[in-house]
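Student: Here you go, this is my_file_6.cif (mmCIF, C-alpha atoms).
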data_coords
loop_
_atom_site.label_atom_id
_atom_site.label_comp_id
_atom_site.auth_asym_id
_atom_site.auth_seq_id
_atom_site.Cartn_x
_atom_site.Cartn_y
_atom_site.Cartn_z
CA MET A 31 86.93 87.38 78.41
CA MET A 32 86.62 89.50 81.52
CA GLN A 33 83.95 91.99 82.47
CA ILE A 34 84.32 94.73 85.06
CA SER A 35 81.47 96.85 86.30
CA VAL A 36 81.84 99.61 88.84
CA ARG A 37 79.40 100.76 91.48
CA HIS A 38 79.82 103.71 93.80
CA LEU A 39 78.18 103.52 97.18
CA ASP A 40 78.81 106.62 99.20
CA LYS A 41 82.61 106.63 99.63
CA ILE A 42 83.06 103.03 98.61
CA THR A 43 83.87 101.77 95.12
CA ILE A 44 82.76 98.24 94.32
CA PHE A 45 84.17 96.35 91.37
CA ASP A 46 82.23 93.35 90.10
CA VAL A 47 84.65 91.23 88.11
CA SER A 48 83.64 88.21 86.08
CA GLY A 49 85.27 85.84 83.59
CA ASP A 50 88.99 85.20 83.25
CA ILE A 51 91.74 87.45 84.57
CA ASP A 52 94.82 86.64 82.53
CA LEU A 53 97.59 88.30 80.54
CA ALA A 54 95.04 89.61 78.04
CA THR A 55 92.68 91.13 80.58
CA SER A 56 94.62 91.92 83.75
CA PRO A 57 95.94 95.30 82.43
CA GLU A 58 92.32 96.52 82.30
CA LEU A 59 91.73 95.44 85.90
CA ARG A 60 94.99 97.01 87.05
CA LYS A 61 94.14 100.29 85.32
CA ALA A 62 90.66 100.39 86.84
CA LEU A 63 91.94 99.67 90.36
CA LEU A 64 94.72 102.22 90.19
CA ARG A 65 92.38 104.89 88.85
CA GLU A 66 90.03 104.54 91.80
CA LEU A 67 92.85 104.41 94.31
CA ARG A 68 95.56 106.73 93.04
CA GLU A 69 93.56 109.27 91.02
CA LEU A 70 90.17 109.34 92.71
CA ARG A 71 91.54 108.50 96.18
CA ARG A 72 88.47 106.47 97.11
CA PRO A 73 88.64 105.61 100.83
CA ARG A 74 87.58 102.02 100.26
CA VAL A 75 87.73 99.78 97.19
CA VAL A 76 85.95 96.44 97.26
CA VAL A 77 86.62 93.84 94.58
CA ASN A 78 83.90 91.21 94.26
CA LEU A 79 85.46 88.16 92.60
CA GLN A 80 82.49 85.82 92.91
CA ALA A 81 82.01 85.39 89.15
CA VAL A 82 85.69 85.01 88.27
CA GLN A 83 86.47 81.72 86.56
CA TYR A 84 90.24 81.93 86.29
CA VAL A 85 93.05 84.08 87.68
CA ASP A 86 96.64 83.81 86.48
CA SER A 87 99.80 85.27 87.99
CA SER A 88 99.28 88.59 86.20
CA GLY A 89 95.82 88.80 87.78
CA VAL A 90 97.26 88.20 91.24
CA ALA A 91 99.91 90.80 90.47
CA SER A 92 97.20 93.31 89.57
CA LEU A 93 95.48 92.71 92.90
CA VAL A 94 98.81 93.12 94.71
CA GLU A 95 99.32 96.42 92.89
CA GLY A 96 95.89 97.52 94.01
CA LEU A 97 96.74 96.61 97.57
CA LYS A 98 100.02 98.50 97.43
CA ALA A 99 98.32 101.56 95.95
CA SER A 100 95.72 101.47 98.73
CA ARG A 101 98.48 101.41 101.34
CA ASP A 102 100.20 104.34 99.63
CA VAL A 103 97.08 106.51 99.74
CA GLY A 104 95.66 105.23 103.02
CA SER A 105 92.60 103.49 101.57
CA ARG A 106 91.10 100.10 102.39
CA PHE A 107 91.33 97.43 99.71
CA VAL A 108 88.99 94.49 100.28
CA LEU A 109 88.44 91.29 98.31
CA CYS A 110 85.14 89.44 98.64
CA GLY A 111 83.19 86.56 97.17
CA LEU A 112 86.24 84.39 96.65
CA ASN A 113 85.24 81.11 95.01
CA THR A 114 87.33 77.94 95.08
CA LYS A 115 89.27 78.84 91.94
CA VAL A 116 90.31 82.23 93.29
CA LYS A 117 91.09 80.84 96.74
CA ASP A 118 93.27 78.17 95.14
CA VAL A 119 95.41 80.64 93.27
CA LEU A 120 95.81 82.94 96.27
CA ARG A 121 96.81 79.96 98.39
CA LEU A 122 99.26 78.84 95.71
CA SER A 123 100.77 82.30 95.56
CA LYS A 124 101.07 82.36 99.37
CA LEU A 125 99.83 85.93 99.14
CA GLY A 126 96.33 85.23 100.42
CA THR A 127 97.08 86.46 103.91
CA ILE A 128 98.23 89.90 102.80
CA PHE A 129 94.75 90.81 101.56
CA GLU A 130 91.74 91.83 103.62
CA VAL A 131 89.21 89.20 102.58
CA CYS A 132 85.49 89.08 103.40
CA ASP A 133 83.18 86.18 102.69
CA SER A 134 80.39 88.40 101.42
CA GLU A 135 79.99 91.82 99.88
CA GLU A 136 77.80 92.80 102.81
CA GLN A 137 80.71 92.19 105.16
CA ALA A 138 83.08 94.05 102.87
CA LEU A 139 80.82 97.10 103.00
CA GLY A 140 80.51 96.95 106.78
CA PRO A 141 82.54 98.92 109.31
CA MET B 76 113.20 60.24 70.12
CA ALA B 77 116.72 60.15 71.51
CA ARG B 78 116.77 63.94 71.54
CA GLU B 79 113.95 64.04 74.05
CA SER B 80 115.74 61.67 76.42
CA ARG B 81 118.07 64.56 77.32
CA PHE B 82 115.19 66.07 79.24
CA LEU B 83 114.84 63.16 81.59
CA ASN B 84 115.54 63.38 85.27
CA PRO B 85 117.84 60.84 86.93
CA GLY B 86 115.80 57.75 87.67
CA GLU B 87 113.19 58.63 85.07
CA ASN B 88 113.06 56.55 81.94
CA ILE B 89 110.49 57.01 79.21
CA LEU B 90 109.40 53.83 77.51
CA LEU B 91 109.78 55.18 74.00
CA SER B 92 107.58 52.62 72.34
CA GLN B 93 104.69 53.77 74.52
CA LYS B 94 104.65 57.44 73.72
CA SER B 95 101.72 58.78 71.77
CA LEU B 96 100.95 62.20 70.41
CA LEU B 97 97.61 63.51 71.64
CA LEU B 98 97.58 67.08 70.42
CA ARG B 99 99.83 69.49 68.60
CA MET B 100 99.24 73.24 68.38
CA GLU B 101 101.01 75.90 66.38
CA LEU B 102 100.18 79.24 67.95
CA GLN B 103 101.08 82.84 67.48
CA SER B 104 102.13 84.79 70.53
CA ASN B 105 98.92 86.58 71.42
CA PRO B 106 97.46 86.98 74.90
CA ALA B 107 93.95 86.68 73.44
CA MET B 108 94.69 83.06 72.50
CA LEU B 109 95.46 81.98 76.07
CA SER B 110 91.82 81.35 76.91
CA VAL B 111 91.48 79.18 73.80
CA VAL B 112 94.46 77.07 74.86
CA ARG B 113 93.12 76.77 78.41
CA GLY B 114 89.86 75.43 77.04
CA ALA B 115 91.62 72.82 74.93
CA VAL B 116 93.94 71.72 77.73
CA THR B 117 91.03 71.47 80.15
CA ARG B 118 89.20 69.07 77.81
CA LEU B 119 92.39 67.07 77.14
CA THR B 120 93.26 66.58 80.80
CA GLU B 121 89.67 65.65 81.66
CA ARG B 122 89.73 63.06 78.89
CA LEU B 123 92.99 61.61 80.21
CA GLY B 124 91.43 61.01 83.60
CA PHE B 125 93.15 63.61 85.72
CA SER B 126 91.24 64.75 88.79
CA GLU B 127 89.66 68.20 88.74
CA PRO B 128 92.45 69.82 90.81
CA GLU B 129 95.05 68.12 88.59
CA CYS B 130 93.30 69.41 85.46
CA ARG B 131 93.40 72.91 86.90
CA ALA B 132 97.08 72.48 87.75
CA VAL B 133 98.05 71.43 84.22
CA VAL B 134 95.97 74.21 82.67
CA ARG B 135 97.60 76.71 84.99
CA ALA B 136 101.11 75.49 84.18
CA VAL B 137 100.55 75.68 80.41
CA ASP B 138 98.90 79.09 80.68
CA GLU B 139 101.72 80.50 82.80
CA ALA B 140 104.37 79.01 80.53
CA LEU B 141 102.77 80.58 77.45
CA THR B 142 102.43 83.86 79.33
CA ASN B 143 106.14 83.77 80.11
CA ILE B 144 106.98 83.08 76.47
CA ILE B 145 104.89 86.04 75.31
CA ARG B 146 106.19 88.40 78.00
CA HIS B 147 109.82 87.42 78.34
CA ALA B 148 110.93 85.47 75.25
CA TYR B 149 108.99 87.66 72.79
CA HIS B 150 108.88 90.82 74.95
CA GLY B 151 105.15 91.21 74.32
CA GLN B 152 105.42 90.98 70.54
CA THR B 153 102.41 89.38 68.90
CA GLY B 154 102.46 87.06 65.91
CA ARG B 155 105.60 85.13 66.88
CA PRO B 156 105.56 81.32 66.67
CA ILE B 157 104.93 78.99 69.59
CA LYS B 158 104.66 75.23 69.22
CA ALA B 159 102.95 73.07 71.79
CA SER B 160 102.68 69.30 71.79
CA PHE B 161 100.96 67.00 74.24
CA ARG B 162 101.85 63.33 74.54
CA ARG B 163 100.72 60.52 76.71
CA ILE B 164 103.86 58.79 77.93
CA ARG B 165 104.68 55.90 80.17
CA VAL B 166 107.62 56.47 82.45
CA ARG B 167 109.56 54.05 84.60
CA ARG B 168 110.39 55.99 87.73
CA ASP B 169 111.77 54.68 91.00
CA GLY B 170 111.01 51.14 89.89
CA ALA B 171 107.35 51.79 89.08
CA GLN B 172 105.73 52.35 85.73
CA ARG B 173 103.65 55.50 85.56
CA ALA B 174 101.42 57.01 82.92
CA ALA B 175 101.91 60.72 82.45
CA LEU B 176 101.14 63.67 80.26
CA GLU B 177 104.20 65.25 78.66
CA ILE B 178 103.93 68.80 77.31
CA LEU B 179 106.60 70.41 75.17
CA LEU B 180 106.51 74.14 74.47
CA GLU B 181 108.91 75.69 71.99
CA ASP B 182 109.55 79.29 71.00
CA GLN B 183 112.12 81.22 69.00
CA GLY B 184 112.37 84.20 71.30
CA ALA B 185 115.13 85.61 73.44
CA ARG B 186 117.14 83.12 75.39
CA VAL B 187 115.69 82.79 78.87
CA ASP B 188 118.05 83.41 81.76
CA ARG B 189 118.23 80.06 83.55
CA ALA B 190 118.97 81.82 86.82
CA LYS B 191 115.49 83.34 86.65
CA LEU B 192 113.76 80.02 86.10
CA HIS B 193 113.43 79.29 89.79
CA GLY B 194 111.05 82.16 90.53
CA ARG B 195 111.61 84.43 93.49
CA PRO B 196 111.12 84.18 97.24
CA LEU B 197 107.40 84.55 97.88
CA GLU B 198 108.11 86.45 101.05
CA ASP B 199 109.05 89.30 98.74
CA VAL B 200 105.57 90.75 98.30
CA ARG B 201 105.46 92.45 94.95
CA PRO B 202 103.75 91.99 91.61
CA GLY B 203 105.40 89.69 89.08
CA GLY B 204 107.55 86.59 89.29
CA LEU B 205 104.70 84.32 90.33
CA GLY B 206 104.30 82.46 87.07
CA LEU B 207 107.31 80.20 87.49
CA HIS B 208 106.31 79.42 91.03
CA PHE B 209 102.88 78.35 89.78
CA ILE B 210 104.43 76.14 87.10
CA HIS B 211 106.73 74.39 89.57
CA GLN B 212 103.89 73.92 92.05
CA SER B 213 101.61 72.50 89.38
CA MET B 214 103.80 69.97 87.58
CA ASP B 215 105.91 66.96 88.55
CA THR B 216 108.73 67.77 86.15
CA VAL B 217 109.76 71.16 84.78
CA GLU B 218 112.79 71.29 82.50
CA PHE B 219 114.14 73.97 80.25
CA ARG B 220 116.59 73.81 77.36
CA HIS B 221 117.86 76.37 74.88
CA ARG B 222 119.16 74.83 71.70
CA LYS B 223 119.76 76.15 68.19
CA GLY B 224 117.97 79.41 68.86
CA LYS B 225 114.92 77.82 70.43
CA ASN B 226 113.67 77.76 74.00
CA ARG B 227 112.12 74.43 74.89
CA LEU B 228 110.16 73.75 78.04
CA ARG B 229 109.17 70.24 79.03
CA LEU B 230 106.43 69.72 81.59
CA VAL B 231 105.29 66.36 82.94
CA LYS B 232 102.30 65.52 85.09
CA PHE B 233 101.86 61.98 86.33
CA LEU B 234 98.47 60.40 86.39
CA HIS B 235 97.65 59.83 90.02
CA ALA B 236 97.50 56.04 90.30
CA PRO B 237 100.60 53.98 89.41
CA GLU B 238 99.90 51.75 86.44
CA PRO B 239 100.48 48.02 86.74
CA HIS B 240 103.72 46.82 85.16
CA ARG B 241 103.32 45.48 81.65
CA SER B 242 106.01 43.35 80.08
CA GLY B 243 107.05 43.85 76.43
#
Please render this file's structure as C-alpha coordinates.

Tutor:
Amino acid sequence: MMQISVRHLDKITIFDVSGDIDLATSPELRKALLRELRELRRPRVVVNLQAVQYVDSSGVASLVEGLKASRDVGSRFVLCGLNTKVKDVLRLSKLGTIFEVCDSEEQALGP
Amino acid sequence: MARESRFLNPGENILLSQKSLLLRMELQSNPAMLSVVRGAVTRLTERLGFSEPECRAVVRAVDEALTNIIRHAYHGQTGRPIKASFRRIRVRRDGAQRAALEILLEDQGARVDRAKLHGRPLEDVRPGGLGLHFIHQSMDTVEFRHRKGKNRLRLVKFLHAPEPHRSG
(Lines of atoms letter the chains of each structure in order from A and count residues from 1; the text may use other names and numbers.)
(Lines give C-alpha, C1' and ligand atoms only; values in the text may rest on other atoms or scores of the structure.)
Protein backbone atom coordinates (compact mmCIF):
# COMPACT_ATOMS: atom_id res chain seq x y z
CA MET A 1 0.00 0.00 0.00
CA MET A 2 1.15 3.52 -0.75
CA GLN A 3 -0.52 6.81 0.04
CA ILE A 4 0.22 10.12 -1.65
CA SER A 5 -1.11 13.43 -0.48
CA VAL A 6 -0.42 16.72 -2.19
CA ARG A 7 -0.05 20.16 -0.68
CA HIS A 8 0.41 23.39 -2.57
CA LEU A 9 2.35 26.13 -0.88
CA ASP A 10 2.59 29.20 -3.05
CA LYS A 11 4.52 27.96 -6.10
CA ILE A 12 5.74 24.80 -4.46
CA THR A 13 4.09 21.39 -4.64
CA ILE A 14 4.79 19.04 -1.75
CA PHE A 15 4.11 15.33 -2.02
CA ASP A 16 3.83 13.35 1.21
CA VAL A 17 4.41 9.72 0.32
CA SER A 18 3.97 6.86 2.75
CA GLY A 19 3.97 3.06 2.61
CA ASP A 20 5.61 0.94 -0.06
CA ILE A 21 6.65 2.14 -3.50
CA ASP A 22 6.82 -0.94 -5.69
CA LEU A 23 5.66 -2.29 -9.04
CA ALA A 24 2.05 -2.06 -7.90
CA THR A 25 2.19 1.53 -6.68
CA SER A 26 5.02 3.32 -8.49
CA PRO A 27 2.88 4.11 -11.61
CA GLU A 28 0.64 6.26 -9.39
CA LEU A 29 3.64 8.15 -8.03
CA ARG A 30 5.10 8.61 -11.50
CA LYS A 31 1.79 9.93 -12.83
CA ALA A 32 1.41 12.37 -9.95
CA LEU A 33 4.97 13.70 -10.32
CA LEU A 34 4.75 14.12 -14.07
CA ARG A 35 1.41 15.90 -13.80
CA GLU A 36 2.81 18.54 -11.48
CA LEU A 37 5.97 18.97 -13.52
CA ARG A 38 4.99 18.54 -17.15
CA GLU A 39 1.35 19.65 -17.14
CA LEU A 40 1.15 22.16 -14.31
CA ARG A 41 4.77 23.34 -14.68
CA ARG A 42 5.18 23.87 -10.96
CA PRO A 43 8.50 25.67 -10.33
CA ARG A 44 9.41 23.42 -7.42
CA VAL A 45 8.29 19.91 -6.48
CA VAL A 46 9.26 18.53 -3.09
CA VAL A 47 8.83 14.83 -2.32
CA ASN A 48 8.74 14.02 1.39
CA LEU A 49 9.68 10.35 1.77
CA GLN A 50 9.83 10.24 5.56
CA ALA A 51 7.01 7.70 5.92
CA VAL A 52 8.10 5.41 3.09
CA GLN A 53 8.79 1.87 4.24
CA TYR A 54 10.08 0.32 1.03
CA VAL A 55 11.24 1.48 -2.40
CA ASP A 56 11.99 -0.91 -5.24
CA SER A 57 13.74 -0.25 -8.54
CA SER A 58 10.51 0.92 -10.16
CA GLY A 59 10.12 3.47 -7.37
CA VAL A 60 13.64 4.76 -7.94
CA ALA A 61 12.89 4.88 -11.66
CA SER A 62 9.80 6.99 -10.97
CA LEU A 63 11.88 9.46 -8.98
CA VAL A 64 14.45 9.58 -11.80
CA GLU A 65 11.65 10.31 -14.25
CA GLY A 66 10.48 13.12 -12.02
CA LEU A 67 13.98 14.52 -11.93
CA LYS A 68 14.32 14.33 -15.70
CA ALA A 69 10.95 16.01 -16.19
CA SER A 70 11.99 18.80 -13.83
CA ARG A 71 15.16 19.37 -15.85
CA ASP A 72 13.13 19.45 -19.07
CA VAL A 73 10.80 22.17 -17.78
CA GLY A 74 13.31 24.05 -15.64
CA SER A 75 11.79 23.20 -12.26
CA ARG A 76 13.48 22.17 -9.02
CA PHE A 77 12.90 18.60 -7.85
CA VAL A 78 13.80 18.03 -4.22
CA LEU A 79 13.68 14.90 -2.05
CA CYS A 80 13.47 15.25 1.72
CA GLY A 81 12.97 13.21 4.87
CA LEU A 82 14.96 10.26 3.61
CA ASN A 83 14.95 7.48 6.20
CA THR A 84 17.47 4.65 6.34
CA LYS A 85 15.48 2.40 4.02
CA VAL A 86 15.24 5.05 1.31
CA LYS A 87 18.86 6.10 1.73
CA ASP A 88 19.92 2.46 1.39
CA VAL A 89 18.18 1.97 -1.92
CA LEU A 90 19.46 5.25 -3.36
CA ARG A 91 22.98 4.31 -2.29
CA LEU A 92 22.56 0.87 -3.82
CA SER A 93 21.35 2.39 -7.07
CA LYS A 94 24.32 4.79 -7.07
CA LEU A 95 21.83 7.44 -8.14
CA GLY A 96 21.66 9.22 -4.80
CA THR A 97 24.00 11.98 -5.87
CA ILE A 98 21.92 13.01 -8.88
CA PHE A 99 19.05 14.19 -6.67
CA GLU A 100 18.82 17.39 -4.66
CA VAL A 101 18.28 16.03 -1.16
CA CYS A 102 17.38 17.98 1.98
CA ASP A 103 17.32 16.58 5.49
CA SER A 104 14.06 18.29 6.38
CA GLU A 105 11.02 19.65 4.62
CA GLU A 106 11.81 23.07 6.04
CA GLN A 107 15.12 23.05 4.20
CA ALA A 108 13.47 21.80 1.03
CA LEU A 109 11.08 24.75 1.11
CA GLY A 110 13.87 27.25 1.72
CA PRO A 111 15.66 29.35 -0.88
CA MET B 1 18.50 -33.38 -6.22
CA ALA B 2 21.08 -33.94 -8.93
CA ARG B 3 19.23 -31.51 -11.16
CA GLU B 4 19.87 -28.67 -8.75
CA SER B 5 23.61 -29.37 -8.66
CA ARG B 6 23.82 -27.85 -12.16
CA PHE B 7 23.29 -24.48 -10.56
CA LEU B 8 26.37 -24.68 -8.42
CA ASN B 9 29.34 -22.41 -8.85
CA PRO B 10 32.84 -23.88 -9.13
CA GLY B 11 34.08 -24.57 -5.63
CA GLU B 12 30.58 -24.65 -4.21
CA ASN B 13 29.20 -27.99 -3.12
CA ILE B 14 25.82 -28.44 -1.50
CA LEU B 15 25.67 -31.16 1.10
CA LEU B 16 22.51 -32.73 -0.24
CA SER B 17 21.61 -34.58 2.91
CA GLN B 18 21.45 -31.26 4.75
CA LYS B 19 18.99 -29.41 2.60
CA SER B 20 15.60 -28.65 4.06
CA LEU B 21 12.54 -27.03 2.61
CA LEU B 22 11.39 -24.05 4.65
CA LEU B 23 8.67 -22.53 2.53
CA ARG B 24 7.05 -23.07 -0.83
CA MET B 25 4.75 -20.57 -2.54
CA GLU B 26 2.66 -20.87 -5.66
CA LEU B 27 1.81 -17.37 -6.81
CA GLN B 28 0.03 -15.71 -9.66
CA SER B 29 1.80 -12.89 -11.42
CA ASN B 30 0.22 -9.88 -9.78
CA PRO B 31 2.02 -6.76 -8.57
CA ALA B 32 -0.42 -6.50 -5.66
CA MET B 33 1.00 -9.74 -4.23
CA LEU B 34 4.56 -8.41 -3.97
CA SER B 35 3.96 -6.81 -0.59
CA VAL B 36 2.57 -10.10 0.71
CA VAL B 37 5.69 -11.96 -0.40
CA ARG B 38 7.95 -9.30 1.11
CA GLY B 39 6.20 -9.76 4.44
CA ALA B 40 6.66 -13.51 4.37
CA VAL B 41 10.32 -13.32 3.32
CA THR B 42 11.02 -10.74 6.01
CA ARG B 43 9.69 -13.07 8.71
CA LEU B 44 11.53 -16.07 7.23
CA THR B 45 14.92 -14.35 7.07
CA GLU B 46 14.51 -12.96 10.59
CA ARG B 47 13.74 -16.45 11.84
CA LEU B 48 16.85 -17.82 10.12
CA GLY B 49 19.04 -15.37 11.99
CA PHE B 50 20.06 -13.00 9.23
CA SER B 51 21.00 -9.50 10.35
CA GLU B 52 18.56 -6.69 9.63
CA PRO B 53 20.49 -5.41 6.57
CA GLU B 54 20.77 -8.99 5.29
CA CYS B 55 17.03 -9.51 5.74
CA ARG B 56 16.40 -6.35 3.73
CA ALA B 57 18.82 -7.55 1.05
CA VAL B 58 17.10 -10.92 0.62
CA VAL B 59 13.65 -9.31 0.60
CA ARG B 60 14.84 -6.84 -2.02
CA ALA B 61 16.32 -9.56 -4.22
CA VAL B 62 13.15 -11.67 -4.14
CA ASP B 63 10.95 -8.64 -4.76
CA GLU B 64 13.04 -7.48 -7.71
CA ALA B 65 13.20 -10.98 -9.17
CA LEU B 66 9.41 -11.34 -8.99
CA THR B 67 9.03 -7.87 -10.49
CA ASN B 68 11.24 -8.90 -13.39
CA ILE B 69 9.20 -12.06 -13.94
CA ILE B 70 5.95 -10.07 -14.03
CA ARG B 71 7.35 -7.32 -16.27
CA HIS B 72 9.64 -9.19 -18.62
CA ALA B 73 8.75 -12.89 -18.62
CA TYR B 74 4.98 -12.32 -18.49
CA HIS B 75 4.98 -8.83 -20.07
CA GLY B 76 2.73 -7.50 -17.31
CA GLN B 77 0.10 -10.22 -17.67
CA THR B 78 -1.61 -11.12 -14.42
CA GLY B 79 -2.67 -14.59 -13.33
CA ARG B 80 0.35 -16.45 -14.69
CA PRO B 81 2.09 -19.02 -12.47
CA ILE B 82 5.19 -18.36 -10.40
CA LYS B 83 6.68 -20.91 -8.03
CA ALA B 84 8.98 -19.94 -5.21
CA SER B 85 10.75 -22.25 -2.80
CA PHE B 86 13.02 -21.45 0.10
CA ARG B 87 15.46 -23.97 1.53
CA ARG B 88 18.03 -23.90 4.22
CA ILE B 89 21.15 -25.48 2.77
CA ARG B 90 24.64 -26.20 3.93
CA VAL B 91 27.32 -25.53 1.38
CA ARG B 92 30.97 -26.45 1.36
CA ARG B 93 32.72 -23.50 -0.21
CA ASP B 94 36.42 -22.76 -0.33
CA GLY B 95 37.04 -25.45 2.25
CA ALA B 96 34.55 -24.10 4.78
CA GLN B 97 31.06 -25.28 5.53
CA ARG B 98 28.47 -22.53 5.39
CA ALA B 99 24.77 -22.39 6.14
CA ALA B 100 22.77 -20.51 3.56
CA LEU B 101 19.31 -19.73 2.31
CA GLU B 102 18.61 -20.98 -1.20
CA ILE B 103 15.70 -19.47 -3.13
CA LEU B 104 14.41 -20.90 -6.39
CA LEU B 105 11.97 -18.92 -8.53
CA GLU B 106 10.35 -20.50 -11.55
CA ASP B 107 8.06 -19.10 -14.22
CA GLN B 108 6.68 -20.19 -17.58
CA GLY B 109 7.02 -16.86 -19.33
CA ALA B 110 9.10 -15.67 -22.24
CA ARG B 111 12.67 -16.80 -22.29
CA VAL B 112 14.84 -14.16 -20.67
CA ASP B 113 17.72 -12.83 -22.73
CA ARG B 114 20.82 -13.88 -20.82
CA ALA B 115 22.72 -10.91 -22.20
CA LYS B 116 20.36 -8.65 -20.26
CA LEU B 117 20.87 -10.45 -16.98
CA HIS B 118 23.88 -8.39 -16.02
CA GLY B 119 21.99 -5.10 -15.70
CA ARG B 120 23.32 -1.93 -17.25
CA PRO B 121 26.07 0.55 -16.44
CA LEU B 122 24.79 2.69 -13.59
CA GLU B 123 26.52 5.70 -15.03
CA ASP B 124 23.76 5.65 -17.61
CA VAL B 125 21.22 7.69 -15.66
CA ARG B 126 17.79 6.63 -16.79
CA PRO B 127 14.78 4.85 -15.38
CA GLY B 128 14.72 1.06 -15.57
CA GLY B 129 17.34 -1.66 -15.50
CA LEU B 130 18.06 -1.30 -11.81
CA GLY B 131 16.37 -4.47 -10.64
CA LEU B 132 19.09 -6.85 -11.74
CA HIS B 133 21.73 -4.64 -10.22
CA PHE B 134 19.86 -4.77 -6.91
CA ILE B 135 19.61 -8.56 -7.08
CA HIS B 136 23.33 -9.00 -7.76
CA GLN B 137 24.23 -6.54 -5.00
CA SER B 138 21.96 -8.28 -2.52
CA MET B 139 22.80 -11.97 -2.96
CA ASP B 140 25.93 -14.11 -2.87
CA THR B 141 24.91 -16.29 -5.80
CA VAL B 142 22.62 -15.42 -8.69
CA GLU B 143 22.12 -18.03 -11.39
CA PHE B 144 19.65 -18.31 -14.21
CA ARG B 145 18.59 -21.28 -16.31
CA HIS B 146 15.98 -21.77 -19.00
CA ARG B 147 14.90 -25.35 -19.39
CA LYS B 148 11.85 -27.04 -20.90
CA GLY B 149 9.96 -23.79 -21.29
CA LYS B 150 10.65 -22.56 -17.78
CA ASN B 151 12.84 -19.77 -16.47
CA ARG B 152 14.52 -20.71 -13.22
CA LEU B 153 16.41 -18.30 -11.00
CA ARG B 154 18.50 -19.52 -8.10
CA LEU B 155 19.52 -17.09 -5.38
CA VAL B 156 21.74 -17.91 -2.42
CA LYS B 157 22.52 -15.85 0.65
CA PHE B 158 25.04 -17.15 3.14
CA LEU B 159 24.44 -16.76 6.82
CA HIS B 160 27.11 -14.43 8.08
CA ALA B 161 29.16 -16.62 10.42
CA PRO B 162 30.84 -19.77 9.02
CA GLU B 163 29.42 -22.86 10.66
CA PRO B 164 31.76 -25.30 12.38
CA HIS B 165 32.54 -28.40 10.33
CA ARG B 166 30.40 -31.40 11.18
CA SER B 167 31.43 -34.86 10.11
CA GLY B 168 28.87 -37.34 8.71

Student: What does the PyMOL selection byres ((chain A and resi 88-93) around 8) select in this file, as JSON, numbers by chain?

Tutor: {"A": [51, 52, 53, 56, 57, 59, 60, 85, 86, 87, 94, 95, 96, 97, 120], "B": [201, 202, 203, 206]}

Student: Would you please work out which residue, of A:Asp50, A:Gly111, A:Leu63, A:Thr43, is nearest to Leu109 in chain B when using all atoms listed in the file?

Tutor: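 With all atoms listed in the file as the atom set, the closest residue is A:Asp50.
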
Student: Please provide the set of residues having any atom within 9 Å of range 152-162 of chain B, restricted to only C-alpha atoms, with same-chain residues fewer than 6 positions apart removed, written as a list in words.

Tutor: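 Skipping anything fewer than 6 positions along the chain leaves Lys94, Ser95, Leu96, Leu97, Leu98, Arg99, Met100, Glu101, Leu102, Gln103, Ser104, Asn105, Pro106, Leu141, Ile144, Ile145, Arg146, Ala175, Leu176, Glu177, Ile178, Leu179, Leu180, Glu181, Asp182, Gln183 and Gly184 of chain B.
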
Student: Hey, what's within 12 Å of Glu69 in chain A if we count only C-alpha atoms and toss same-chain stuff fewer than 6 positions away? As a JSON list (two decimals) with C-alpha atoms, in the coordinates of the input, please?

Tutor:
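Generated file (part.json):
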[["chain", "number", "residue", "atom", "x", "y", "z"],
["A", 61, "LYS", "CA", 94.14, 100.29, 85.32],
["A", 62, "ALA", "CA", 90.66, 100.39, 86.84],
["A", 63, "LEU", "CA", 91.94, 99.67, 90.36],
["A", 99, "ALA", "CA", 98.32, 101.56, 95.95],
["A", 100, "SER", "CA", 95.72, 101.47, 98.73],
["A", 102, "ASP", "CA", 100.20, 104.34, 99.63],
["A", 103, "VAL", "CA", 97.08, 106.51, 99.74]]

Student: Let me know the residues the PyMOL selection byres ((chain A and resi 48) around 9) catches in the file above, as number ranges by chain.

Tutor: A: 31-35, 46-47, 49-51, 78-83

Student: Could you write out the selected residues, including C-alpha atoms, as a tab-separated table (two decimals), keeping the file's coordinate frame?

Tutor:
chain	number	residue	atom	x	y	z
A	31	MET	CA	86.93	87.38	78.41
A	32	MET	CA	86.62	89.50	81.52
A	33	GLN	CA	83.95	91.99	82.47
A	34	ILE	CA	84.32	94.73	85.06
A	35	SER	CA	81.47	96.85	86.30
A	46	ASP	CA	82.23	93.35	90.10
A	47	VAL	CA	84.65	91.23	88.11
A	49	GLY	CA	85.27	85.84	83.59
A	50	ASP	CA	88.99	85.20	83.25
A	51	ILE	CA	91.74	87.45	84.57
A	78	ASN	CA	83.90	91.21	94.26
A	79	LEU	CA	85.46	88.16	92.60
A	80	GLN	CA	82.49	85.82	92.91
A	81	ALA	CA	82.01	85.39	89.15
A	82	VAL	CA	85.69	85.01	88.27
A	83	GLN	CA	86.47	81.72	86.56

Student: Can you translate the PyMOL selection byres ((chain A and resi 75) around 8) into the concrete residues it hits in this file, as a PDB file with C-alpha atoms, in the coordinates of the input?

Tutor:
ATOM      1  CA  ILE A  42      83.060 103.030  98.610  1.00  0.00           C
ATOM      2  CA  THR A  43      83.870 101.770  95.120  1.00  0.00           C
ATOM      3  CA  ILE A  44      82.760  98.240  94.320  1.00  0.00           C
ATOM      4  CA  PHE A  45      84.170  96.350  91.370  1.00  0.00           C
ATOM      5  CA  GLU A  66      90.030 104.540  91.800  1.00  0.00           C
ATOM      6  CA  LEU A  67      92.850 104.410  94.310  1.00  0.00           C
ATOM      7  CA  ARG A  72      88.470 106.470  97.110  1.00  0.00           C
ATOM      8  CA  PRO A  73      88.640 105.610 100.830  1.00  0.00           C
ATOM      9  CA  ARG A  74      87.580 102.020 100.260  1.00  0.00           C
ATOM     10  CA  VAL A  76      85.950  96.440  97.260  1.00  0.00           C
ATOM     11  CA  VAL A  77      86.620  93.840  94.580  1.00  0.00           C
ATOM     12  CA  SER A 105      92.600 103.490 101.570  1.00  0.00           C
ATOM     13  CA  ARG A 106      91.100 100.100 102.390  1.00  0.00           C
ATOM     14  CA  PHE A 107      91.330  97.430  99.710  1.00  0.00           C
ATOM     15  CA  VAL A 108      88.990  94.490 100.280  1.00  0.00           C
TER      16      VAL A 108
END

Student: Just to confirm, what's the straight-line distance from CA of Asp138 in chain B to CA of Leu112 in chain A in Å (one decimal)?

Tutor: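 Result for CA of Asp138 in chain B versus CA of Leu112 in chain A: 21.1 Å, one decimal.
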
Student: Kindly give the distance, in Å, that separates CA of Cys130 in chain B and CA of Ile210 in chain B, rounded to a single decimal.

Tutor: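 We find that CA of Cys130 in chain B and CA of Ile210 in chain B lie 13.1 Å from each other.
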
Student: If you measure from CA of Met108 in chain B to CA of Leu228 in chain B, what distance in Å do you get, rounded to one decimal?

Tutor: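 Interatomic distance, CA of Met108 in chain B to CA of Leu228 in chain B: 18.9 Å.
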